[in-house]
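> Got target01.cif for you, mmCIF, C-alpha atoms:
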```cif
data_work
loop_
_atom_site.label_atom_id
_atom_site.label_comp_id
_atom_site.auth_asym_id
_atom_site.auth_seq_id
_atom_site.Cartn_x
_atom_site.Cartn_y
_atom_site.Cartn_z
CA MET A 230 -124.81 -125.07 -39.44
CA LEU A 231 -126.72 -123.55 -36.56
CA SER A 232 -126.68 -119.77 -36.18
CA GLY A 233 -126.78 -117.90 -32.89
CA ASP A 234 -130.49 -117.30 -33.38
CA HIS A 235 -131.09 -121.00 -33.95
CA ILE A 236 -129.21 -121.87 -30.77
CA LYS A 237 -131.29 -119.34 -28.85
CA GLN A 238 -134.49 -120.83 -30.30
CA SER A 239 -133.40 -124.32 -29.32
CA PHE A 240 -132.46 -123.22 -25.81
CA SER A 241 -135.76 -121.42 -25.39
CA ALA A 242 -137.66 -124.53 -26.54
CA ALA A 243 -135.58 -126.83 -24.33
CA LEU A 244 -135.70 -124.70 -21.17
CA PRO A 245 -138.95 -126.12 -19.70
CA ILE A 246 -137.62 -129.64 -20.25
CA MET A 247 -134.23 -128.79 -18.74
CA LEU A 248 -135.84 -127.36 -15.60
CA GLY A 249 -138.14 -130.34 -15.31
CA TYR A 250 -135.19 -132.69 -15.67
CA VAL A 251 -133.37 -130.94 -12.82
CA ALA A 252 -136.43 -131.49 -10.64
CA ILE A 253 -136.63 -135.22 -11.32
CA GLY A 254 -132.99 -135.89 -12.29
CA VAL A 255 -131.62 -135.13 -8.82
CA PRO A 256 -134.00 -137.59 -7.06
CA CYS A 257 -133.17 -140.16 -9.75
CA GLY A 258 -129.47 -139.77 -8.97
CA ILE A 259 -130.18 -140.15 -5.26
CA LEU A 260 -132.10 -143.37 -5.96
CA CYS A 261 -129.24 -144.71 -8.11
CA ALA A 262 -126.74 -143.92 -5.35
CA SER A 263 -128.88 -145.94 -2.93
CA ILE A 264 -128.02 -149.14 -4.86
CA GLY A 265 -124.31 -148.31 -4.91
CA LEU A 266 -123.95 -146.67 -8.32
CA ASN A 267 -121.31 -143.94 -8.48
CA GLY A 268 -121.23 -140.71 -10.44
CA LEU A 269 -119.47 -142.26 -13.45
CA GLN A 270 -121.96 -145.13 -13.70
CA VAL A 271 -124.93 -142.78 -13.47
CA PHE A 272 -123.38 -140.50 -16.09
CA LEU A 273 -122.87 -143.48 -18.43
CA LEU A 274 -126.51 -144.49 -17.97
CA SER A 275 -127.65 -140.94 -18.80
CA ALA A 276 -125.32 -140.63 -21.79
CA LEU A 277 -125.84 -144.05 -23.38
CA PHE A 278 -129.29 -145.16 -22.21
CA TYR A 279 -131.00 -141.83 -21.38
CA SER A 280 -134.43 -142.80 -20.16
CA GLY A 281 -136.12 -141.21 -17.18
CA ALA A 282 -138.58 -144.04 -16.63
CA GLY A 283 -135.89 -146.66 -17.23
CA GLN A 284 -133.39 -145.03 -14.90
CA PHE A 285 -135.98 -144.96 -12.11
CA MET A 286 -136.99 -148.57 -12.79
CA ILE A 287 -133.49 -150.05 -12.62
CA PRO A 288 -132.73 -149.08 -8.98
CA ASN A 289 -136.34 -149.69 -7.92
CA MET A 290 -136.34 -153.22 -9.31
CA TRP A 291 -132.83 -153.93 -7.97
CA LEU A 292 -133.99 -152.85 -4.49
CA THR A 293 -136.89 -155.32 -4.65
CA GLY A 294 -134.47 -158.12 -5.59
CA SER A 295 -135.57 -158.59 -9.21
CA PRO A 296 -133.20 -160.71 -11.33
CA LEU A 297 -131.14 -158.93 -14.01
CA ALA A 298 -133.07 -160.53 -16.89
CA SER A 299 -136.35 -159.29 -15.41
CA ILE A 300 -134.98 -155.76 -14.98
CA ILE A 301 -133.71 -155.66 -18.57
CA ALA A 302 -136.93 -157.07 -20.05
CA SER A 303 -139.21 -154.74 -18.07
CA VAL A 304 -137.17 -151.62 -18.80
CA SER A 305 -136.92 -152.49 -22.50
CA LEU A 306 -140.66 -153.16 -22.73
CA VAL A 307 -141.51 -149.81 -21.15
CA ASN A 308 -139.30 -148.03 -23.69
CA THR A 309 -140.83 -149.63 -26.78
CA ARG A 310 -143.03 -146.54 -27.14
CA GLN A 311 -139.94 -144.82 -28.53
CA MET A 312 -140.64 -146.70 -31.78
CA LEU A 313 -143.77 -144.61 -32.28
CA TYR A 314 -141.86 -141.36 -31.82
CA SER A 315 -139.13 -142.53 -34.17
CA ALA A 316 -141.65 -143.43 -36.88
CA SER A 317 -143.48 -140.13 -36.55
CA PHE A 318 -140.25 -138.14 -37.10
CA ALA A 319 -139.42 -139.99 -40.36
CA PRO A 320 -141.09 -137.41 -42.67
CA ALA A 321 -139.27 -134.53 -40.93
CA CYS A 322 -135.92 -136.30 -41.46
CA LYS A 323 -136.41 -136.72 -45.22
CA GLY A 324 -133.25 -135.46 -46.96
CA VAL A 325 -131.38 -135.01 -43.67
CA LYS A 326 -127.81 -136.43 -43.46
CA LYS A 327 -127.64 -139.88 -41.88
CA ARG A 328 -125.36 -138.86 -39.01
CA LEU A 329 -127.60 -135.98 -37.96
CA ALA A 330 -130.74 -138.10 -38.31
CA PHE A 331 -129.07 -140.79 -36.18
CA LEU A 332 -128.00 -138.34 -33.46
CA PHE A 333 -131.45 -136.77 -33.46
CA SER A 334 -133.39 -140.04 -33.24
CA ALA A 335 -131.00 -141.54 -30.66
CA THR A 336 -131.63 -138.68 -28.22
CA VAL A 337 -135.44 -138.38 -28.33
CA THR A 338 -137.38 -138.61 -25.06
CA ASP A 339 -141.09 -138.25 -24.25
CA GLU A 340 -140.60 -134.59 -23.45
CA SER A 341 -138.33 -133.60 -26.33
CA TYR A 342 -140.60 -135.53 -28.71
CA GLY A 343 -143.49 -133.35 -27.56
CA VAL A 344 -141.63 -130.08 -27.82
CA ASN A 345 -140.08 -130.84 -31.22
CA THR A 346 -143.37 -132.16 -32.62
CA ALA A 347 -145.05 -128.88 -31.63
CA MET A 348 -142.18 -126.87 -33.17
CA PHE A 349 -142.27 -128.85 -36.45
CA GLU A 350 -146.05 -128.37 -36.64
CA ALA A 351 -145.66 -124.63 -36.05
CA GLY A 352 -143.23 -124.53 -39.00
CA ASP A 353 -139.77 -122.97 -39.44
CA TRP A 354 -138.06 -125.73 -37.44
CA SER A 355 -135.19 -127.97 -38.47
CA VAL A 356 -133.75 -131.33 -37.43
CA GLY A 357 -130.56 -129.49 -36.41
CA ARG A 358 -132.40 -127.28 -33.95
CA ALA A 359 -134.48 -130.25 -32.78
CA THR A 360 -131.27 -132.20 -32.13
CA LEU A 361 -129.93 -129.32 -30.07
CA VAL A 362 -133.14 -129.39 -27.99
CA ASN A 363 -132.48 -133.09 -27.41
CA LEU A 364 -128.83 -132.58 -26.45
CA LEU A 365 -129.55 -129.66 -24.11
CA SER A 366 -132.23 -131.74 -22.41
CA GLN A 367 -129.89 -134.72 -22.14
CA SER A 368 -127.12 -132.54 -20.65
CA SER A 369 -129.51 -131.23 -18.02
CA TRP A 370 -130.65 -134.78 -17.22
CA ALA A 371 -127.12 -136.20 -17.00
CA LEU A 372 -125.80 -133.36 -14.82
CA SER A 373 -128.82 -133.52 -12.51
CA ASN A 374 -128.35 -137.27 -12.12
CA VAL A 375 -124.69 -136.85 -11.17
CA VAL A 376 -125.57 -134.04 -8.75
CA GLY A 377 -128.12 -136.40 -7.19
CA VAL A 378 -125.41 -139.03 -6.65
CA LEU A 379 -123.02 -136.47 -5.17
CA VAL A 380 -125.44 -134.81 -2.76
CA GLY A 381 -127.11 -138.08 -1.78
CA ASN A 382 -130.00 -137.51 0.55
CA ALA A 383 -128.85 -134.03 1.61
CA ILE A 384 -131.64 -132.55 -0.54
CA GLY A 385 -135.12 -133.64 0.44
CA VAL A 386 -136.99 -133.44 -2.87
CA PRO A 387 -140.48 -134.94 -2.70
CA LEU A 388 -140.44 -137.05 -5.85
CA ALA A 389 -144.21 -137.11 -6.43
CA ILE A 390 -144.30 -133.30 -6.50
CA ALA A 391 -141.13 -132.94 -8.61
CA SER A 392 -142.31 -135.49 -11.17
CA PHE A 393 -145.60 -133.61 -11.59
CA ALA A 394 -143.58 -131.11 -13.65
CA MET A 395 -143.27 -133.77 -16.35
CA THR A 396 -146.95 -134.70 -16.08
CA SER A 397 -147.78 -131.01 -16.49
CA ILE A 398 -145.68 -130.82 -19.67
CA PHE A 399 -147.55 -133.82 -21.12
CA ILE A 400 -150.90 -132.21 -20.20
CA CYS A 401 -149.86 -128.98 -21.93
CA LEU A 402 -148.81 -130.87 -25.05
CA LEU A 403 -152.10 -132.78 -25.05
CA VAL A 404 -154.28 -129.69 -24.52
CA THR A 405 -152.53 -127.81 -27.33
CA GLN A 406 -153.28 -130.53 -29.92
CA LYS A 407 -155.93 -129.66 -32.51
CA ALA A 408 -159.31 -130.65 -31.01
CA THR A 409 -160.59 -132.48 -34.10
CA PRO A 410 -163.08 -135.34 -33.56
CA ALA A 411 -160.48 -137.90 -34.74
CA ASN A 412 -157.83 -136.53 -32.37
CA LEU A 413 -160.32 -136.67 -29.50
CA VAL A 414 -161.04 -140.32 -30.36
CA ALA A 415 -157.28 -141.03 -30.45
CA ALA A 416 -156.74 -139.39 -27.05
CA GLY A 417 -159.80 -140.92 -25.37
CA VAL A 418 -159.10 -144.46 -26.54
CA ALA A 419 -155.39 -144.13 -25.69
CA ALA A 420 -156.20 -143.06 -22.12
CA ALA A 421 -158.77 -145.85 -21.75
CA GLY A 422 -156.26 -148.32 -23.19
CA VAL A 423 -153.62 -147.37 -20.63
CA PHE A 424 -156.12 -147.80 -17.80
CA ALA A 425 -157.28 -151.17 -19.18
CA CYS A 426 -153.68 -152.40 -19.49
CA LYS A 427 -152.94 -151.43 -15.90
CA ALA A 428 -156.14 -153.11 -14.72
CA ALA A 429 -155.01 -156.27 -16.53
CA GLY A 430 -151.61 -156.13 -14.80
CA LEU A 431 -149.80 -155.02 -17.98
CA GLY A 432 -148.27 -151.80 -16.63
CA GLY A 433 -145.02 -152.22 -18.62
CA PRO A 434 -146.38 -151.88 -22.16
CA ALA A 435 -149.40 -149.75 -21.11
CA ILE A 436 -148.25 -146.55 -22.84
CA LEU A 437 -147.35 -148.27 -26.10
CA VAL A 438 -150.51 -150.40 -26.21
CA GLY A 439 -152.72 -147.46 -25.22
CA ALA A 440 -151.18 -145.17 -27.85
CA LEU A 441 -151.46 -147.82 -30.58
CA ALA A 442 -155.11 -148.43 -29.64
CA GLY A 443 -155.72 -144.68 -29.87
CA VAL A 444 -154.14 -144.44 -33.32
CA ALA A 445 -156.09 -147.49 -34.56
CA ALA A 446 -159.37 -146.11 -33.21
CA ALA A 447 -158.78 -142.71 -34.82
CA LEU A 448 -157.99 -144.36 -38.18
CA ALA A 449 -161.14 -146.50 -37.94
CA PHE A 450 -163.16 -143.42 -37.01
CA THR A 451 -161.81 -141.46 -39.99
CA TRP A 452 -162.46 -144.28 -42.46
CA ALA A 453 -165.98 -144.82 -41.09
CA LYS A 454 -166.67 -141.08 -41.39
CA GLU A 455 -165.45 -141.01 -44.99
CA ARG A 456 -167.71 -143.92 -45.94
CA VAL A 457 -170.85 -142.24 -44.58
CA MET B 276 -129.39 -155.09 0.10
CA GLU B 277 -126.34 -155.88 -2.02
CA ALA B 278 -124.92 -152.97 -4.05
CA MET B 279 -124.98 -153.27 -7.84
CA GLY B 280 -121.39 -153.99 -8.89
CA TRP B 281 -119.69 -153.03 -12.16
CA GLY B 282 -120.36 -156.45 -13.73
CA ASP B 283 -124.14 -156.37 -13.21
CA PHE B 284 -124.19 -152.68 -14.07
CA LEU B 285 -122.46 -153.18 -17.42
CA VAL B 286 -124.84 -156.02 -18.39
CA VAL B 287 -127.90 -153.84 -17.59
CA LEU B 288 -126.39 -150.80 -19.33
CA ALA B 289 -125.38 -152.68 -22.50
CA CYS B 290 -128.71 -154.52 -22.90
CA CYS B 291 -130.96 -151.56 -22.06
CA ALA B 292 -128.91 -149.10 -24.15
CA ALA B 293 -128.91 -151.47 -27.14
CA THR B 294 -132.68 -152.10 -27.10
CA MET B 295 -133.31 -148.40 -26.56
CA LEU B 296 -131.11 -147.45 -29.51
CA VAL B 297 -132.92 -149.94 -31.77
CA CYS B 298 -136.34 -148.59 -30.70
CA ARG B 299 -135.21 -144.99 -31.21
CA THR B 300 -133.50 -145.28 -34.58
CA VAL B 301 -134.72 -148.29 -36.61
CA PRO B 302 -138.30 -147.07 -37.35
CA LEU B 303 -137.01 -143.66 -38.47
CA PHE B 304 -134.43 -145.13 -40.85
CA ALA B 305 -136.90 -147.74 -42.11
CA LEU B 306 -139.40 -145.03 -43.12
CA LYS B 307 -137.07 -142.08 -43.86
CA GLY B 308 -136.98 -140.93 -47.48
CA ARG B 309 -139.83 -143.18 -48.59
CA GLN B 310 -143.06 -142.01 -50.12
CA LEU B 311 -145.42 -143.19 -47.42
CA PRO B 312 -148.91 -144.49 -48.23
CA GLU B 313 -151.69 -142.09 -47.26
CA GLY B 314 -152.90 -144.41 -44.51
CA VAL B 315 -149.46 -144.54 -42.89
CA GLU B 316 -149.10 -140.75 -43.01
CA ARG B 317 -152.52 -140.39 -41.47
CA ALA B 318 -151.61 -142.87 -38.73
CA LEU B 319 -148.38 -140.99 -37.97
CA GLY B 320 -150.44 -137.82 -37.55
CA PHE B 321 -152.53 -139.48 -34.84
CA ILE B 322 -149.48 -140.49 -32.79
CA PRO B 323 -149.05 -137.15 -30.93
CA PRO B 324 -152.58 -136.92 -29.42
CA ALA B 325 -152.61 -140.66 -28.68
CA ALA B 326 -149.12 -140.68 -27.15
CA PHE B 327 -149.66 -137.58 -24.98
CA ALA B 328 -153.01 -138.89 -23.75
CA ALA B 329 -151.37 -142.24 -22.93
CA LEU B 330 -148.54 -140.52 -21.04
CA VAL B 331 -150.97 -138.34 -19.06
CA ALA B 332 -153.23 -141.30 -18.29
CA ASN B 333 -150.22 -143.36 -17.21
CA ASP B 334 -149.24 -140.65 -14.72
CA LEU B 335 -152.72 -139.89 -13.39
CA LEU B 336 -154.83 -143.04 -13.62
CA SER B 337 -154.53 -146.48 -12.09
CA PRO B 338 -157.12 -149.06 -11.02
CA GLY B 339 -156.22 -148.78 -7.32
CA MET B 340 -155.90 -145.01 -7.25
CA PHE B 341 -158.76 -144.54 -4.76
CA ASP B 342 -157.50 -147.21 -2.36
CA ALA B 343 -155.46 -144.68 -0.36
CA GLY B 344 -158.47 -142.35 -0.03
CA LEU B 345 -160.49 -140.02 -2.22
CA TRP B 346 -158.29 -136.97 -1.76
CA SER B 347 -154.98 -138.65 -2.53
CA ALA B 348 -156.42 -139.68 -5.91
CA ALA B 349 -158.29 -136.43 -6.51
CA ALA B 350 -155.36 -134.08 -5.75
CA PRO B 351 -153.35 -134.90 -8.91
CA LEU B 352 -156.53 -134.81 -10.99
CA VAL B 353 -157.45 -131.37 -9.66
CA ALA B 354 -153.86 -130.17 -10.24
CA ALA B 355 -154.09 -131.59 -13.77
CA GLY B 356 -157.26 -129.53 -14.28
CA VAL B 357 -155.38 -126.41 -13.20
CA VAL B 358 -152.58 -127.22 -15.67
CA ALA B 359 -155.10 -127.79 -18.46
CA LEU B 360 -156.56 -124.33 -17.82
CA VAL B 361 -153.10 -122.74 -17.83
CA ALA B 362 -152.22 -124.64 -21.03
CA TRP B 363 -155.42 -123.47 -22.71
CA ARG B 364 -154.77 -119.84 -21.77
CA THR B 365 -150.98 -119.60 -22.19
CA LYS B 366 -149.85 -122.57 -24.34
CA SER B 367 -146.60 -122.29 -22.34
CA LEU B 368 -144.80 -125.46 -21.23
CA LEU B 369 -142.87 -123.54 -18.59
CA TRP B 370 -145.96 -121.97 -17.02
CA CYS B 371 -147.69 -125.33 -17.11
CA ALA B 372 -144.80 -127.04 -15.33
CA VAL B 373 -144.58 -124.31 -12.68
CA SER B 374 -148.35 -124.09 -12.11
CA GLY B 375 -148.64 -127.88 -12.00
CA VAL B 376 -145.95 -128.35 -9.37
CA VAL B 377 -147.25 -125.44 -7.25
CA ALA B 378 -150.88 -126.61 -7.50
CA TYR B 379 -149.99 -130.20 -6.68
CA ALA B 380 -147.75 -129.16 -3.76
CA LEU B 381 -150.49 -126.94 -2.31
CA LEU B 382 -153.16 -129.62 -2.77
CA THR B 383 -151.06 -132.26 -1.01
CA LEU B 384 -150.72 -129.87 1.95
CA VAL B 385 -154.52 -129.61 2.31
#
```
Take the structure I supplied and represent it as structure tokens, if you would.


Amino acid sequence: MLSGDHIKQSFSAALPIMLGYVAIGVPCGILCASIGLNGLQVFLLSALFYSGAGQFMIPNMWLTGSPLASIIASVSLVNTRQMLYSASFAPACKGVKKRLAFLFSATVTDESYGVNTAMFEAGDWSVGRATLVNLLSQSSWALSNVVGVLVGNAIGVPLAIASFAMTSIFICLLVTQKATPANLVAAGVAAAGVFACKAAGLGGPAILVGALAGVAAALAFTWAKERV
Amino acid sequence: MEAMGWGDFLVVLACCAATMLVCRTVPLFALKGRQLPEGVERALGFIPPAAFAALVANDLLSPGMFDAGLWSAAAPLVAAGVVALVAWRTKSLLWCAVSGVVAYALLTLV
């Protein structure tokens, strides 16, 4: 059971994500409205699918005339990186009830993964509070999406500038990682891997492939160092 | 452009939501409660720096980024530098988000 203090801690941790989601959720709703989706449809997407990148991709690809199968395959491929986040939370969920672990893992995003990872590393954090961070973030995203549908183009939000809030959150999470040689190898190879994937025309799985390459390189680096 | 009707919408929603749910939950339940080998635990520990670097690189870097001119590619990189400084000094996600948006907005006005 979460106490008032725990709820406050979760809200405080989720606040930067919630504000960022307002900034990019409204333009996402506007984009969805441009292909004829209504408020209920956009809410269902946010509640059941809940993916910023995916929810931008669907209207973008529909507008360019992509077939449904292509939209589904591309969006699913982009979201395969969620498997990494899910795996990394397994130790934290040891001994946690199945329902809570399911709700927690089903509502993880890039941003909430980062915030909750940092909180677990700092200690004194629980899956319950982490789940509340996820749900608060999702509420902000869903509401912002619906607002975007309702206001349409009445609000002129420059998307590139608004979405830089999310990039900034990722930069902060990266900079605050421990600067060990192995972590630097992981980060460097991951970034290079993403660039290489894009250069090869594999933008869809770039994040997953880059991150896996980074993890593999860091493991190889550690093993090589131990052998010396 | 034809609007996306309920039929197409439900197909996209069902397929994307199902694959997303599998990606989000299956690895956690497959590994949860098991004594993981040392190598796996070590690999899991490298996911955060690798994933964050991949996400940042995905947002900031692309092979054709200089095609639209030097400044249009440099502006987000400079703004990212500002955010990195703020992150190093404050470790605050909120300040990083605010400083990043303000820096990027100002740089795009230049």

> I'd like the neighbourhood of B:Thr294 as a count of residues only, where a residue qualifies if any of its atoms comes within 7 Å (using all atoms listed in the file), though same-chain residues fewer than 4 positions away should be ignored.

3

> Any idea what the distance is between atom CA of A:Ala252 and atom CA of A:Ser366?

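Separating atom CA of A:Ala252 from atom CA of A:Ser366 is a distance of 12.5 Å.
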
> Using only C-alpha atoms, which residues of chain B come within 7 Å of chain A, and what is the closest atom pair for each, with the distance in Å to one decimal? Give it as a Markdown table, sorted by chain and residue number.


```
| residue | atom | partner | partner_atom | distance |
| --- | --- | --- | --- | --- |
| B:Met276 | CA | A:Leu292 | CA | 6.9 |
| B:Ala278 | CA | A:Gly265 | CA | 4.8 |
| B:Met279 | CA | A:Gly265 | CA | 5.8 |
| B:Val287 | CA | A:Ile301 | CA | 6.2 |
| B:Leu288 | CA | A:Leu274 | CA | 6.5 |
| B:Cys290 | CA | A:Ile301 | CA | 6.7 |
| B:Cys291 | CA | A:Ile301 | CA | 6.0 |
| B:Ala292 | CA | A:Phe278 | CA | 4.4 |
| B:Thr294 | CA | A:Ser305 | CA | 6.3 |
| B:Met295 | CA | A:Asn308 | CA | 6.7 |
| B:Leu296 | CA | A:Ala335 | CA | 6.0 |
| B:Cys298 | CA | A:Met312 | CA | 4.8 |
| B:Arg299 | CA | A:Gln311 | CA | 5.4 |
| B:Thr300 | CA | A:Ser334 | CA | 5.4 |
| B:Pro302 | CA | A:Ala316 | CA | 5.0 |
| B:Leu303 | CA | A:Ala319 | CA | 4.8 |
| B:Leu306 | CA | A:Ala319 | CA | 5.7 |
| B:Lys307 | CA | A:Ala319 | CA | 4.7 |
| B:Gly308 | CA | A:Lys323 | CA | 4.8 |
| B:Ala318 | CA | A:Val444 | CA | 6.2 |
| B:Leu319 | CA | A:Ser317 | CA | 5.2 |
| B:Phe321 | CA | A:Val444 | CA | 5.4 |
| B:Ile322 | CA | A:Val444 | CA | 6.1 |
| B:Pro324 | CA | A:Ala416 | CA | 5.4 |
| B:Ala325 | CA | A:Ala416 | CA | 4.6 |
| B:Ala326 | CA | A:Ala440 | CA | 5.0 |
| B:Phe327 | CA | A:Leu403 | CA | 5.4 |
| B:Ala328 | CA | A:Ala416 | CA | 5.0 |
| B:Ala329 | CA | A:Ala420 | CA | 5.0 |
| B:Leu330 | CA | A:Ile436 | CA | 6.3 |
| B:Val331 | CA | A:Phe399 | CA | 6.0 |
| B:Ala332 | CA | A:Ala420 | CA | 5.2 |
| B:Asn333 | CA | A:Val423 | CA | 6.3 |
| B:Asp334 | CA | A:Thr396 | CA | 6.5 |
| B:Leu336 | CA | A:Phe424 | CA | 6.5 |
| B:Ser337 | CA | A:Phe424 | CA | 6.1 |
| B:Pro338 | CA | A:Ala428 | CA | 5.6 |
| B:Ala355 | CA | A:Ser397 | CA | 6.9 |
| B:Val358 | CA | A:Ser397 | CA | 6.2 |
| B:Ala359 | CA | A:Ile400 | CA | 6.3 |
| B:Ala362 | CA | A:Cys401 | CA | 5.0 |
| B:Trp363 | CA | A:Val404 | CA | 6.6 |
| B:Lys366 | CA | A:Thr405 | CA | 6.6 |
| B:Leu368 | CA | A:Ile398 | CA | 5.7 |
| B:Leu369 | CA | A:Pro245 | CA | 4.8 |
| B:Cys371 | CA | A:Ser397 | CA | 5.7 |
| B:Ala372 | CA | A:Ala394 | CA | 4.6 |
| B:Val373 | CA | A:Ala394 | CA | 6.9 |
| B:Gly375 | CA | A:Ser397 | CA | 5.5 |
| B:Val376 | CA | A:Ala394 | CA | 5.6 |
| B:Tyr379 | CA | A:Ile390 | CA | 6.5 |
| B:Ala380 | CA | A:Ile390 | CA | 6.0 |
```

> To one decimal in Å, tell me the separation between atom CA of A:Phe272 and atom CA of A:Gly381.

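Separation of atom CA of A:Phe272 and atom CA of A:Gly381: 15.0 Å.
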
> Between atom CA of B:Trp346 and atom CA of A:Gly258, measure the distance and give it in Å to one decimal.

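Atom CA of A:Gly258 lies at a distance of 29.8 Å from atom CA of B:Trp346.
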
> May I have the centre and edge lengths, in Å to one decimal, of an axis-aligned box around the listed atoms of stretch 328-338 of chain B with 8 Å added to every side, as AutoDock Vina command-line options?


```
--center_x -152.8 --center_y -143.7 --center_z -17.4 --size_x 24.6 --size_y 26.7 --size_z 28.7
```

> Applied to the shown file, which residues does the PyMOL selection byres ((chain A and resi 231-240) around 8) return, written as a list in words?

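Taken on the displayed file, the PyMOL selection byres ((chain A and resi 231-240) around 8) yields the residues Met230, Ser241, Ala242, Ala243, Leu244, Gly357, Arg358, Ala359, Leu361, Val362 and Leu365 of chain A.
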
> Using C-alpha atoms, can you write the selected residues to a file as a PDB file, in the coordinates of the input?


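Output saved as part33.pdb:
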```
ATOM      1  CA  MET A 230    -124.810-125.070 -39.440  1.00  0.00           C
ATOM      2  CA  SER A 241    -135.760-121.420 -25.390  1.00  0.00           C
ATOM      3  CA  ALA A 242    -137.660-124.530 -26.540  1.00  0.00           C
ATOM      4  CA  ALA A 243    -135.580-126.830 -24.330  1.00  0.00           C
ATOM      5  CA  LEU A 244    -135.700-124.700 -21.170  1.00  0.00           C
ATOM      6  CA  GLY A 357    -130.560-129.490 -36.410  1.00  0.00           C
ATOM      7  CA  ARG A 358    -132.400-127.280 -33.950  1.00  0.00           C
ATOM      8  CA  ALA A 359    -134.480-130.250 -32.780  1.00  0.00           C
ATOM      9  CA  LEU A 361    -129.930-129.320 -30.070  1.00  0.00           C
ATOM     10  CA  VAL A 362    -133.140-129.390 -27.990  1.00  0.00           C
ATOM     11  CA  LEU A 365    -129.550-129.660 -24.110  1.00  0.00           C
TER      12      LEU A 365
END
```

> Can you give me, as a PyMOL selection string, the residues this file yields under the PyMOL selection byres ((chain B and resi 350) around 10)?

chain B and resi 335+345-349+351-356+378-385
